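The next block is query_1.txt, given as compact mmCIF, C-alpha atoms.
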# COMPACT_ATOMS: atom_id res chain seq x y z
CA MET O 11 -17.71 37.18 13.90
CA SER O 12 -14.82 36.16 11.67
CA ASP O 13 -14.48 32.60 10.37
CA VAL O 14 -11.92 29.94 11.20
CA ARG O 15 -10.62 28.38 7.99
CA VAL O 16 -8.37 25.47 7.05
CA HIS O 17 -6.76 25.52 3.59
CA ASN O 18 -4.66 23.19 1.47
CA LEU O 19 -4.51 20.45 4.09
CA SER O 20 -3.35 17.53 1.98
CA ILE O 21 -4.07 13.94 2.95
CA SER O 22 -3.34 10.54 1.48
CA LEU O 23 -6.07 8.08 0.46
CA ASP O 24 -5.64 6.46 3.87
CA GLY O 25 -6.04 9.79 5.66
CA PHE O 26 -2.50 10.68 6.70
CA ALA O 27 -1.68 14.40 6.59
CA THR O 28 1.98 13.80 7.33
CA GLY O 29 4.18 10.73 7.10
CA ALA O 30 6.21 8.94 9.76
CA GLY O 31 9.70 10.02 10.79
CA GLN O 32 9.48 13.82 10.79
CA ALA O 33 12.93 15.46 10.94
CA PRO O 34 14.58 18.82 10.08
CA ASP O 35 15.20 17.71 6.51
CA ALA O 36 11.89 15.81 6.27
CA PRO O 37 9.07 17.94 7.72
CA PHE O 38 6.48 15.52 6.33
CA GLY O 39 8.45 12.38 7.18
CA HIS O 40 8.51 9.55 4.64
CA ALA O 41 5.75 11.30 2.67
CA GLY O 42 8.39 13.72 1.39
CA GLU O 43 6.78 16.30 -0.90
CA ARG O 44 4.31 13.87 -2.41
CA LEU O 45 1.36 15.34 -0.51
CA HIS O 46 2.05 18.81 -1.94
CA GLU O 47 3.21 18.28 -5.51
CA TRP O 48 -0.27 19.29 -6.69
CA MET O 49 0.24 22.69 -5.02
CA PHE O 50 3.81 23.29 -6.18
CA ALA O 51 2.56 22.86 -9.76
CA THR O 52 0.14 25.81 -9.47
CA ARG O 53 0.65 29.56 -9.94
CA PHE O 54 0.09 29.89 -6.20
CA GLY O 55 2.86 27.38 -5.56
CA HIS O 56 5.27 29.09 -7.92
CA GLU O 57 4.61 32.44 -6.27
CA LEU O 58 5.27 30.89 -2.86
CA GLY O 59 8.73 30.06 -4.16
CA GLY O 60 9.16 33.65 -5.39
CA GLY O 61 8.86 32.71 -9.07
CA ARG O 62 6.31 32.84 -11.88
CA GLY O 63 4.54 30.20 -13.92
CA GLY O 64 2.46 27.24 -12.82
CA SER O 65 -1.03 26.01 -13.66
CA GLY O 66 -4.04 28.30 -13.43
CA GLY O 67 -6.83 25.72 -13.21
CA GLY O 68 -8.91 24.23 -10.45
CA ASP O 69 -6.00 23.30 -8.20
CA ASN O 70 -4.76 26.90 -8.32
CA ALA O 71 -8.19 28.35 -7.56
CA PHE O 72 -8.46 26.26 -4.41
CA ALA O 73 -4.83 26.84 -3.39
CA ALA O 74 -5.05 30.62 -3.71
CA MET O 75 -7.92 30.78 -1.20
CA HIS O 76 -5.19 30.31 1.42
CA ASN O 77 -4.53 34.04 1.78
CA HIS O 78 -7.85 35.76 0.96
CA GLY O 79 -9.14 37.74 3.93
CA ILE O 80 -6.90 36.13 6.52
CA GLY O 81 -5.80 38.28 9.46
CA ALA O 82 -3.98 35.75 11.63
CA GLU O 83 -2.87 32.11 11.68
CA ILE O 84 -2.84 29.49 14.43
CA MET O 85 -0.41 26.60 14.00
CA GLY O 86 0.79 23.65 16.05
CA ALA O 87 4.32 23.30 17.39
CA GLY O 88 5.03 20.57 14.83
CA LYS O 89 4.49 22.98 11.93
CA PHE O 90 6.79 25.63 13.41
CA GLY O 91 9.73 23.27 13.61
CA PRO O 92 11.07 19.74 13.95
CA PRO O 93 10.89 17.90 17.28
CA GLY O 94 13.10 19.69 19.83
CA TRP O 95 13.02 23.21 18.34
CA GLN O 96 12.02 24.49 21.76
CA ASP O 97 15.56 23.74 22.97
CA ASP O 98 17.04 26.26 20.51
CA LEU O 99 16.30 29.74 21.84
CA HIS O 100 17.35 31.34 18.53
CA TYR O 101 15.15 29.18 16.30
CA LYS O 102 12.78 31.24 14.13
CA GLY O 103 11.01 28.61 12.04
CA PRO O 104 12.00 26.99 8.73
CA TRP O 105 10.82 29.79 6.42
CA GLY O 106 13.77 32.22 6.42
CA ALA O 107 13.65 35.94 7.21
CA ASN O 108 10.37 36.63 5.40
CA PRO O 109 7.86 33.85 6.19
CA PRO O 110 4.87 33.40 3.87
CA PHE O 111 2.22 34.45 6.42
CA HIS O 112 2.44 38.27 6.58
CA THR O 113 0.13 38.36 9.63
CA PRO O 114 0.39 37.53 13.32
CA VAL O 115 0.92 33.78 13.77
CA PHE O 116 0.09 32.02 17.03
CA VAL O 117 2.20 28.92 17.65
CA LEU O 118 0.70 26.48 20.17
CA THR O 119 3.41 25.06 22.41
CA HIS O 120 3.70 23.96 26.01
CA ARG O 121 6.98 25.91 26.21
CA PRO O 122 6.15 29.47 25.14
CA ARG O 123 8.84 32.11 24.52
CA PRO O 124 8.85 35.85 23.67
CA SER O 125 7.27 36.92 20.38
CA ILE O 126 9.47 37.18 17.27
CA GLU O 127 8.90 39.89 14.67
CA MET O 128 9.96 38.82 11.18
CA GLU O 129 10.15 40.69 7.88
CA GLY O 130 7.05 41.10 5.71
CA GLY O 131 4.51 41.48 8.49
CA THR O 132 4.78 38.08 10.15
CA THR O 133 5.06 38.07 13.94
CA PHE O 134 5.24 34.76 15.78
CA HIS O 135 3.53 34.60 19.16
CA PHE O 136 3.85 31.50 21.34
CA LEU O 137 0.91 30.27 23.39
CA ASP O 138 0.30 27.46 25.84
CA ALA O 139 -3.47 27.62 25.46
CA SER O 140 -6.63 25.65 24.70
CA PRO O 141 -8.10 25.90 21.18
CA ALA O 142 -10.79 28.33 22.37
CA GLU O 143 -8.28 30.53 24.20
CA ALA O 144 -5.88 30.57 21.26
CA LEU O 145 -8.74 31.44 18.92
CA LYS O 146 -9.76 34.38 21.12
CA ARG O 147 -6.23 35.76 20.94
CA ALA O 148 -5.97 35.19 17.20
CA ARG O 149 -9.35 36.83 16.52
CA GLU O 150 -8.30 39.92 18.44
CA ALA O 151 -5.11 40.10 16.38
CA ALA O 152 -6.93 39.47 13.07
CA GLY O 153 -8.75 42.81 13.15
CA GLY O 154 -12.07 41.50 11.88
CA LEU O 155 -10.53 39.26 9.22
CA ASP O 156 -10.65 35.47 9.29
CA VAL O 157 -8.32 33.20 11.23
CA ARG O 158 -6.51 30.47 9.34
CA LEU O 159 -5.87 27.23 11.16
CA GLY O 160 -2.57 26.22 9.61
CA GLY O 161 -2.19 22.66 10.88
CA GLY O 162 -0.75 20.15 11.44
CA PRO O 163 -3.40 17.47 11.54
CA SER O 164 -3.48 17.07 15.33
CA VAL O 165 -4.28 20.75 15.82
CA VAL O 166 -6.96 20.68 13.12
CA ARG O 167 -8.48 17.63 14.78
CA ASP O 168 -8.53 19.40 18.17
CA PHE O 169 -10.36 22.41 16.73
CA LEU O 170 -12.79 20.20 14.78
CA THR O 171 -13.58 18.25 17.94
CA GLU O 172 -14.52 21.48 19.70
CA GLY O 173 -16.66 22.66 16.79
CA LEU O 174 -14.45 25.68 16.11
CA VAL O 175 -13.85 25.23 12.35
CA ASP O 176 -16.14 27.09 9.90
CA HIS O 177 -14.49 26.13 6.60
CA MET O 178 -12.13 23.28 5.82
CA HIS O 179 -10.43 22.55 2.51
CA LEU O 180 -8.80 19.14 2.24
CA VAL O 181 -6.91 17.82 -0.75
CA GLN O 182 -6.92 14.08 -1.17
CA VAL O 183 -3.83 12.87 -3.01
CA PRO O 184 -3.95 9.39 -4.64
CA ILE O 185 -1.17 7.79 -2.61
CA VAL O 186 -1.31 5.29 0.26
CA LEU O 187 1.13 6.42 2.97
CA GLY O 188 0.49 3.58 5.41
CA ARG O 189 1.85 5.44 8.46
CA GLY O 190 2.11 8.93 9.90
CA VAL O 191 -0.41 11.25 11.55
CA ARG O 192 -4.06 10.60 10.69
CA LEU O 193 -6.53 13.43 10.32
CA TRP O 194 -9.73 11.46 10.88
CA ASP O 195 -9.22 9.76 14.24
CA GLY O 196 -11.97 10.60 16.73
CA LEU O 197 -14.11 12.53 14.24
CA GLU O 198 -16.94 10.01 13.74
CA SER O 199 -20.06 11.61 12.18
CA LEU O 200 -18.24 14.87 11.37
CA GLU O 201 -20.40 15.05 8.22
CA ARG O 202 -23.46 15.91 10.31
CA SER O 203 -22.00 19.33 11.09
CA TYR O 204 -20.86 20.24 7.58
CA ASP O 205 -22.00 20.60 4.01
CA ILE O 206 -19.37 18.68 2.05
CA GLU O 207 -18.46 19.07 -1.62
CA ALA O 208 -15.96 17.04 -3.65
CA VAL O 209 -14.23 18.30 -6.80
CA SER O 210 -11.69 16.11 -8.58
CA THR O 211 -9.27 17.84 -10.96
CA PRO O 212 -7.15 16.63 -13.90
CA SER O 213 -4.02 16.46 -11.72
CA GLY O 214 -5.62 13.49 -9.97
CA VAL O 215 -6.36 15.06 -6.59
CA THR O 216 -9.80 15.60 -5.08
CA HIS O 217 -10.65 18.83 -3.27
CA LEU O 218 -13.03 18.31 -0.36
CA THR O 219 -14.62 21.38 1.15
CA PHE O 220 -16.45 21.39 4.47
CA THR O 221 -18.75 24.32 5.27
CA ALA O 222 -20.16 24.41 8.79
CA LYS O 223 -23.96 24.17 8.90
CA ASN O 224 -24.27 26.26 12.06
CA ARG O 225 -22.42 29.38 10.84
CA MET V 15 -5.88 -14.06 -19.36
CA SER V 16 -9.04 -12.63 -17.88
CA ASP V 17 -8.95 -9.70 -15.44
CA VAL V 18 -9.76 -9.58 -11.75
CA ARG V 19 -12.04 -6.62 -11.04
CA VAL V 20 -13.45 -4.91 -7.97
CA HIS V 21 -16.58 -2.77 -8.42
CA ASN V 22 -18.67 -0.42 -6.30
CA LEU V 23 -16.59 -0.91 -3.17
CA SER V 24 -17.75 2.02 -1.10
CA ILE V 25 -15.60 3.55 1.62
CA SER V 26 -15.96 6.41 4.07
CA LEU V 27 -13.59 9.40 4.12
CA ASP V 28 -11.65 7.62 6.83
CA GLY V 29 -11.37 4.44 4.74
CA PHE V 30 -13.88 2.09 6.32
CA ALA V 31 -15.70 -0.20 3.89
CA THR V 32 -18.05 -1.50 6.55
CA GLY V 33 -19.00 -0.23 9.97
CA ALA V 34 -18.68 -1.84 13.39
CA GLY V 35 -21.22 -4.28 14.80
CA GLN V 36 -22.18 -6.40 11.78
CA ALA V 37 -25.31 -8.46 12.40
CA PRO V 38 -28.07 -10.21 10.40
CA ASP V 39 -30.15 -7.03 10.26
CA ALA V 40 -27.09 -4.78 9.88
CA PRO V 41 -24.71 -6.29 7.29
CA PHE V 42 -22.66 -3.06 7.25
CA GLY V 43 -22.84 -2.49 11.00
CA HIS V 44 -23.39 1.04 12.27
CA ALA V 45 -22.77 2.37 8.75
CA GLY V 46 -26.26 1.20 7.83
CA GLU V 47 -26.98 1.94 4.16
CA ARG V 48 -25.08 5.22 4.15
CA LEU V 49 -22.16 3.79 2.16
CA HIS V 50 -24.49 2.69 -0.63
CA GLU V 51 -27.16 5.39 -0.93
CA TRP V 52 -25.32 6.74 -3.99
CA MET V 53 -25.85 3.37 -5.69
CA PHE V 54 -29.49 2.85 -4.68
CA ALA V 55 -30.25 6.20 -6.32
CA THR V 56 -29.05 5.00 -9.77
CA ARG V 57 -30.83 3.06 -12.54
CA PHE V 58 -28.50 0.19 -11.71
CA GLY V 59 -29.61 0.32 -8.08
CA HIS V 60 -33.29 0.42 -8.99
CA GLU V 61 -32.87 -2.56 -11.32
CA LEU V 62 -31.15 -4.48 -8.51
CA GLY V 63 -34.35 -4.03 -6.54
CA GLY V 64 -36.40 -5.26 -9.49
CA GLY V 65 -37.83 -1.83 -10.29
CA ARG V 66 -37.34 1.00 -12.77
CA GLY V 67 -36.21 4.60 -12.43
CA GLY V 68 -33.11 6.08 -10.87
CA SER V 69 -30.41 8.44 -12.10
CA GLY V 70 -28.57 7.83 -15.35
CA GLY V 71 -25.48 9.97 -14.79
CA GLY V 72 -21.91 9.34 -13.72
CA ASP V 73 -22.76 7.29 -10.66
CA ASN V 74 -24.88 4.96 -12.78
CA ALA V 75 -22.17 4.56 -15.43
CA PHE V 76 -19.68 3.43 -12.82
CA ALA V 77 -22.19 1.25 -10.98
CA ALA V 78 -23.31 -0.61 -14.09
CA MET V 79 -19.76 -1.78 -14.81
CA HIS V 80 -20.40 -4.31 -12.06
CA ASN V 81 -21.83 -6.90 -14.42
CA HIS V 82 -20.17 -6.29 -17.79
CA GLY V 83 -18.13 -9.30 -18.91
CA ILE V 84 -18.06 -11.04 -15.54
CA GLY V 85 -18.02 -14.85 -15.51
CA ALA V 86 -17.55 -15.59 -11.81
CA GLU V 87 -17.33 -13.88 -8.43
CA ILE V 88 -15.13 -14.49 -5.42
CA MET V 89 -16.42 -13.24 -2.07
CA GLY V 90 -15.43 -13.45 1.58
CA ALA V 91 -17.42 -15.33 4.21
CA GLY V 92 -18.51 -12.03 5.72
CA LYS V 93 -20.35 -11.03 2.54
CA PHE V 94 -22.18 -14.35 2.27
CA GLY V 95 -23.71 -13.99 5.70
CA PRO V 96 -23.56 -12.65 9.25
CA PRO V 97 -21.09 -14.10 11.77
CA GLY V 98 -22.03 -17.73 12.50
CA TRP V 99 -23.82 -18.56 9.23
CA GLN V 100 -21.59 -21.63 8.97
CA ASP V 101 -23.53 -23.18 11.86
CA ASP V 102 -26.75 -23.17 9.81
CA LEU V 103 -26.51 -25.97 7.25
CA HIS V 104 -29.55 -24.68 5.36
CA TYR V 105 -28.35 -21.06 5.05
CA LYS V 106 -28.22 -19.89 1.41
CA GLY V 107 -27.15 -16.25 1.73
CA PRO V 108 -29.22 -13.10 2.28
CA TRP V 109 -30.33 -12.55 -1.34
CA GLY V 110 -33.37 -14.84 -1.66
CA ALA V 111 -33.97 -17.55 -4.26
CA ASN V 112 -32.54 -15.56 -7.20
CA PRO V 113 -29.29 -13.86 -6.10
CA PRO V 114 -28.01 -10.93 -8.20
CA PHE V 115 -24.87 -12.70 -9.45
CA HIS V 116 -26.08 -15.08 -12.22
CA THR V 117 -22.67 -16.78 -12.38
CA PRO V 118 -20.66 -19.21 -10.26
CA VAL V 119 -19.75 -17.56 -6.94
CA PHE V 120 -16.84 -18.79 -4.84
CA VAL V 121 -17.26 -18.13 -1.12
CA LEU V 122 -14.01 -18.21 0.87
CA THR V 123 -14.56 -19.93 4.22
CA HIS V 124 -12.56 -22.12 6.54
CA ARG V 125 -15.63 -24.34 6.85
CA PRO V 126 -16.59 -25.34 3.28
CA ARG V 127 -19.84 -27.15 2.46
CA PRO V 128 -21.41 -28.66 -0.68
CA SER V 129 -22.22 -26.29 -3.54
CA ILE V 130 -25.70 -24.72 -3.73
CA GLU V 131 -27.42 -24.12 -7.05
CA MET V 132 -29.80 -21.14 -6.96
CA GLU V 133 -32.25 -19.71 -9.50
CA GLY V 134 -31.04 -17.38 -12.24
CA GLY V 135 -27.66 -18.97 -12.88
CA THR V 136 -26.01 -18.38 -9.51
CA THR V 137 -24.21 -21.35 -7.96
CA PHE V 138 -22.42 -20.93 -4.66
CA HIS V 139 -19.21 -22.91 -4.21
CA PHE V 140 -17.39 -22.91 -0.86
CA LEU V 141 -13.60 -22.92 -0.74
CA ASP V 142 -10.98 -22.99 1.99
CA ALA V 143 -8.22 -21.67 -0.26
CA SER V 144 -5.54 -19.02 -0.73
CA PRO V 145 -6.31 -16.04 -2.98
CA ALA V 146 -4.26 -17.54 -5.83
CA GLU V 147 -5.94 -20.95 -5.51
CA ALA V 148 -9.40 -19.43 -5.34
CA LEU V 149 -8.64 -17.30 -8.37
CA LYS V 150 -7.53 -20.35 -10.35
CA ARG V 151 -10.85 -22.06 -9.60
CA ALA V 152 -12.87 -18.94 -10.41
CA ARG V 153 -11.03 -18.36 -13.69
CA GLU V 154 -11.75 -21.91 -14.81
CA ALA V 155 -15.43 -21.37 -14.02
CA ALA V 156 -15.55 -17.96 -15.72
CA GLY V 157 -15.06 -19.41 -19.20
CA GLY V 158 -12.72 -16.67 -20.42
CA LEU V 159 -14.68 -13.83 -18.87
CA ASP V 160 -13.41 -11.65 -16.00
CA VAL V 161 -13.57 -12.54 -12.33
CA ARG V 162 -15.20 -10.06 -9.96
CA LEU V 163 -13.78 -9.80 -6.48
CA GLY V 164 -16.93 -9.02 -4.54
CA GLY V 165 -15.50 -8.05 -1.13
CA GLY V 166 -15.60 -7.47 1.75
CA PRO V 167 -12.64 -5.25 2.43
CA SER V 168 -10.44 -7.89 4.08
CA VAL V 169 -10.65 -10.13 1.02
CA VAL V 170 -9.94 -7.25 -1.34
CA ARG V 171 -6.94 -6.31 0.80
CA ASP V 172 -5.63 -9.89 0.67
CA PHE V 173 -5.84 -9.97 -3.14
CA LEU V 174 -4.27 -6.50 -3.46
CA THR V 175 -1.39 -7.57 -1.22
CA GLU V 176 -0.68 -10.47 -3.55
CA GLY V 177 -0.87 -8.29 -6.65
CA LEU V 178 -3.89 -10.15 -8.03
CA VAL V 179 -6.22 -7.21 -8.76
CA ASP V 180 -6.26 -5.72 -12.29
CA HIS V 181 -9.03 -3.13 -11.88
CA MET V 182 -10.47 -1.60 -8.74
CA HIS V 183 -13.36 0.84 -8.50
CA LEU V 184 -13.78 2.52 -5.12
CA VAL V 185 -16.46 5.00 -4.20
CA GLN V 186 -15.57 7.46 -1.50
CA VAL V 187 -18.65 8.65 0.38
CA PRO V 188 -18.38 11.91 2.36
CA ILE V 189 -19.03 10.46 5.80
CA VAL V 190 -16.66 9.75 8.70
CA LEU V 191 -17.49 6.31 10.12
CA GLY V 192 -14.84 6.26 12.84
CA ARG V 193 -14.86 2.46 13.26
CA GLY V 194 -15.33 -0.72 11.28
CA VAL V 195 -13.15 -2.56 8.77
CA ARG V 196 -10.52 -0.45 7.02
CA LEU V 197 -9.59 -1.06 3.41
CA TRP V 198 -6.16 0.60 3.41
CA ASP V 199 -4.29 -1.15 6.21
CA GLY V 200 -1.04 -2.72 5.03
CA LEU V 201 -1.24 -1.29 1.50
CA GLU V 202 1.49 1.39 1.74
CA SER V 203 2.68 2.58 -1.70
CA LEU V 204 -0.17 0.80 -3.53
CA GLU V 205 -0.18 3.75 -5.96
CA ARG V 206 3.11 2.55 -7.47
CA SER V 207 1.34 -0.44 -9.02
CA TYR V 208 -1.70 1.39 -10.40
CA ASP V 209 -2.79 4.26 -12.58
CA ILE V 210 -5.35 6.07 -10.45
CA GLU V 211 -8.13 8.38 -11.62
CA ALA V 212 -10.57 10.36 -9.48
CA VAL V 213 -14.02 11.52 -10.67
CA SER V 214 -16.33 13.38 -8.31
CA THR V 215 -20.02 13.49 -9.22
CA PRO V 216 -22.90 15.79 -8.26
CA SER V 217 -24.17 13.30 -5.68
CA GLY V 218 -21.10 14.16 -3.61
CA VAL V 219 -19.18 10.89 -3.95
CA THR V 220 -15.81 10.46 -5.65
CA HIS V 221 -15.14 7.46 -7.88
CA LEU V 222 -11.55 6.24 -7.68
CA THR V 223 -10.40 3.80 -10.33
CA PHE V 224 -7.19 1.79 -10.08
CA THR V 225 -5.81 0.19 -13.27
CA ALA V 226 -2.84 -2.13 -12.78
CA LYS V 227 0.31 -0.96 -14.57
CA ASN V 228 1.60 -4.49 -15.16
CA ARG V 229 -1.41 -5.89 -17.01
Step by step, read the file and then write its structure as structure tokens.
Amino acid sequence: MSDVRVHNLSISLDGFATGAGQAPDAPFGHAGERLHEWMFATRFGHELGGGRGGSGGGDNAFAAMHNHGIGAEIMGAGKFGPPGWQDDLHYKGPWGANPPFHTPVFVLTHRPRPSIEMEGGTTFHFLDASPAEALKRAREAAGGLDVRLGGGPSVVRDFLTEGLVDHMHLVQVPIVLGRGVRLWDGLESLERSYDIEAVSTPSGVTHLTFTAKNR
Amino acid sequence: MSDVRVHNLSISLDGFATGAGQAPDAPFGHAGERLHEWMFATRFGHELGGGRGGSGGGDNAFAAMHNHGIGAEIMGAGKFGPPGWQDDLHYKGPWGANPPFHTPVFVLTHRPRPSIEMEGGTTFHFLDASPAEALKRAREAAGGLDVRLGGGPSVVRDFLTEGLVDHMHLVQVPIVLGRGVRLWDGLESLERSYDIEAVSTPSGVTHLTFTAKNR
């Protein structure tokens, strides 16, 4: 059985994984890029932008896990586009012609549409499905590889609540956002189901990894 | 001018510094002792209990800062006793005859009472005062040494909001409490006023230190 993995999910000290006021030009709301500066500074981040350079230390080692052995992604509607994208029948996500997934991607939405094949191996499929149903579809598409749960925080929370997450990598950034979408709501005693490690790095962030005890 | 310092303030991943349901036999509510196990395991923690032993690593180094150069403490009513302690005119706190402060301690309460002199140098004074007023009194009593802000979280939040905290040491424990008293509420953008460092230790906790930029 392949694993379900969360990677590079960045949260503020007060537990917000995205800020308030999400919009087309502000996918993380008032948080701006502050939750992800640690990642943009790494080799992995530079390569995402199509360039070279960046740090090769601890932050990069964690960041680069994002792609290893992944055969499909599941994401929420809020990651695929800003509020209202479902009204635009030609919308194909914010990533351009060659999105950085290179696998099948299952977008959870209550208003599904036909699949979209992009360049570079990414195909977007749209599902109105429960976490377990979506995971079944994604596992079939992943061909024995792992399934990445791409966020946002509400989707990760839903899968955590149902005990469907095997590995989770959070990155705690030393900022206090004050408002936005919280990761932790409704997850009391989550630590009982996971072995948790914390690794702080010189950039100031702390990587928290959760490994399911019942794998 | 002496500094105002917070030490060993332990919070859950979701930012609660105490659990729900505080009572005489449960000063941290449903959190129990889980927020402070890291500290009890240190030399500092063993000495608090009057014994010897305990770990001498990173957790102990941070924990032991609690007493260095402190001349007075300010604490909230909720740290001095369980809800309703003000109705018991003979109540002297939960620490026994020789409390672990050994300095003047200023207890913030809307129902002040005469001061109480304990063994070992601790004297409890009771103040119905604003943070700034309480700090003025504590500084006078501290004789040039620093003032420790002893918690709980609501009092620390009040002093942070007024920009009165010079150093803060938080300890993030890898548990999700789900309910209780949050530290972070109302502190959006706190990071702008502080240099923040994170140090994770083998026990699994992460020490976060905040040093005021305007000192």
Using only C-alpha atoms, determine which residues of chain O fall within 9 Å of chain V; present them as a PyMOL selection string.
chain O and resi 23-25+184-189+193-202+206-212+214-216+218
Between atom CA of O:Ala142 and atom CA of O:Ala30, what is the distance in Å, rounded to a tenth?
28.7 Å
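If you look at atom CA of O:Phe111 and atom CA of O:Leu174, they are 21.2 Å away from each other.
When atom CA of V:Met89 is paired with atom CA of V:Gly164, their separation reads 4.9 Å.
Residues within 8 Å of V:Ser16, counting all atoms listed in the file and excluding same-chain residues fewer than 6 positions away, are Arg153, Gly158, Leu159, Asp160 and Val161 of chain V.
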Given the point (-17.5, -2.6, -8.5) in the file's coordinates, find the residues that have an atom at most 9 Å from it, counting all atoms listed in the file, and give them as a JSON list (two decimals) with C-alpha atoms, in the coordinates of the input.
[["chain", "number", "residue", "atom", "x", "y", "z"],
["V", 19, "ARG", "CA", -12.04, -6.62, -11.04],
["V", 20, "VAL", "CA", -13.45, -4.91, -7.97],
["V", 21, "HIS", "CA", -16.58, -2.77, -8.42],
["V", 22, "ASN", "CA", -18.67, -0.42, -6.30],
["V", 23, "LEU", "CA", -16.59, -0.91, -3.17],
["V", 24, "SER", "CA", -17.75, 2.02, -1.10],
["V", 76, "PHE", "CA", -19.68, 3.43, -12.82],
["V", 77, "ALA", "CA", -22.19, 1.25, -10.98],
["V", 78, "ALA", "CA", -23.31, -0.61, -14.09],
["V", 79, "MET", "CA", -19.76, -1.78, -14.81],
["V", 80, "HIS", "CA", -20.40, -4.31, -12.06],
["V", 81, "ASN", "CA", -21.83, -6.90, -14.42],
["V", 162, "ARG", "CA", -15.20, -10.06, -9.96],
["V", 163, "LEU", "CA", -13.78, -9.80, -6.48],
["V", 164, "GLY", "CA", -16.93, -9.02, -4.54],
["V", 182, "MET", "CA", -10.47, -1.60, -8.74],
["V", 183, "HIS", "CA", -13.36, 0.84, -8.50],
["V", 184, "LEU", "CA", -13.78, 2.52, -5.12],
["V", 185, "VAL", "CA", -16.46, 5.00, -4.20]]
Skip O:Ala152 itself and residues of its chain fewer than 2 positions away, then list as a compact mmCIF listing (two decimals) with C-alpha atoms, keeping the file's coordinate frame all residues within 12 Å of it, counting all atoms listed in the file.
# COMPACT_ATOMS: atom_id res chain seq x y z
CA MET O 11 -17.71 37.18 13.90
CA SER O 12 -14.82 36.16 11.67
CA ASP O 13 -14.48 32.60 10.37
CA VAL O 14 -11.92 29.94 11.20
CA GLY O 79 -9.14 37.74 3.93
CA ILE O 80 -6.90 36.13 6.52
CA GLY O 81 -5.80 38.28 9.46
CA ALA O 82 -3.98 35.75 11.63
CA GLU O 83 -2.87 32.11 11.68
CA ILE O 84 -2.84 29.49 14.43
CA HIS O 112 2.44 38.27 6.58
CA THR O 113 0.13 38.36 9.63
CA PRO O 114 0.39 37.53 13.32
CA VAL O 115 0.92 33.78 13.77
CA PHE O 116 0.09 32.02 17.03
CA LEU O 145 -8.74 31.44 18.92
CA LYS O 146 -9.76 34.38 21.12
CA ARG O 147 -6.23 35.76 20.94
CA ALA O 148 -5.97 35.19 17.20
CA ARG O 149 -9.35 36.83 16.52
CA GLU O 150 -8.30 39.92 18.44
CA GLY O 154 -12.07 41.50 11.88
CA LEU O 155 -10.53 39.26 9.22
CA ASP O 156 -10.65 35.47 9.29
CA VAL O 157 -8.32 33.20 11.23
CA ARG O 158 -6.51 30.47 9.34
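Distances to V:Arg171 were evaluated for V:Gly157, V:Gly71, V:Pro126, V:Gly90 using all atoms listed in the file, and the minimum falls at V:Gly90.
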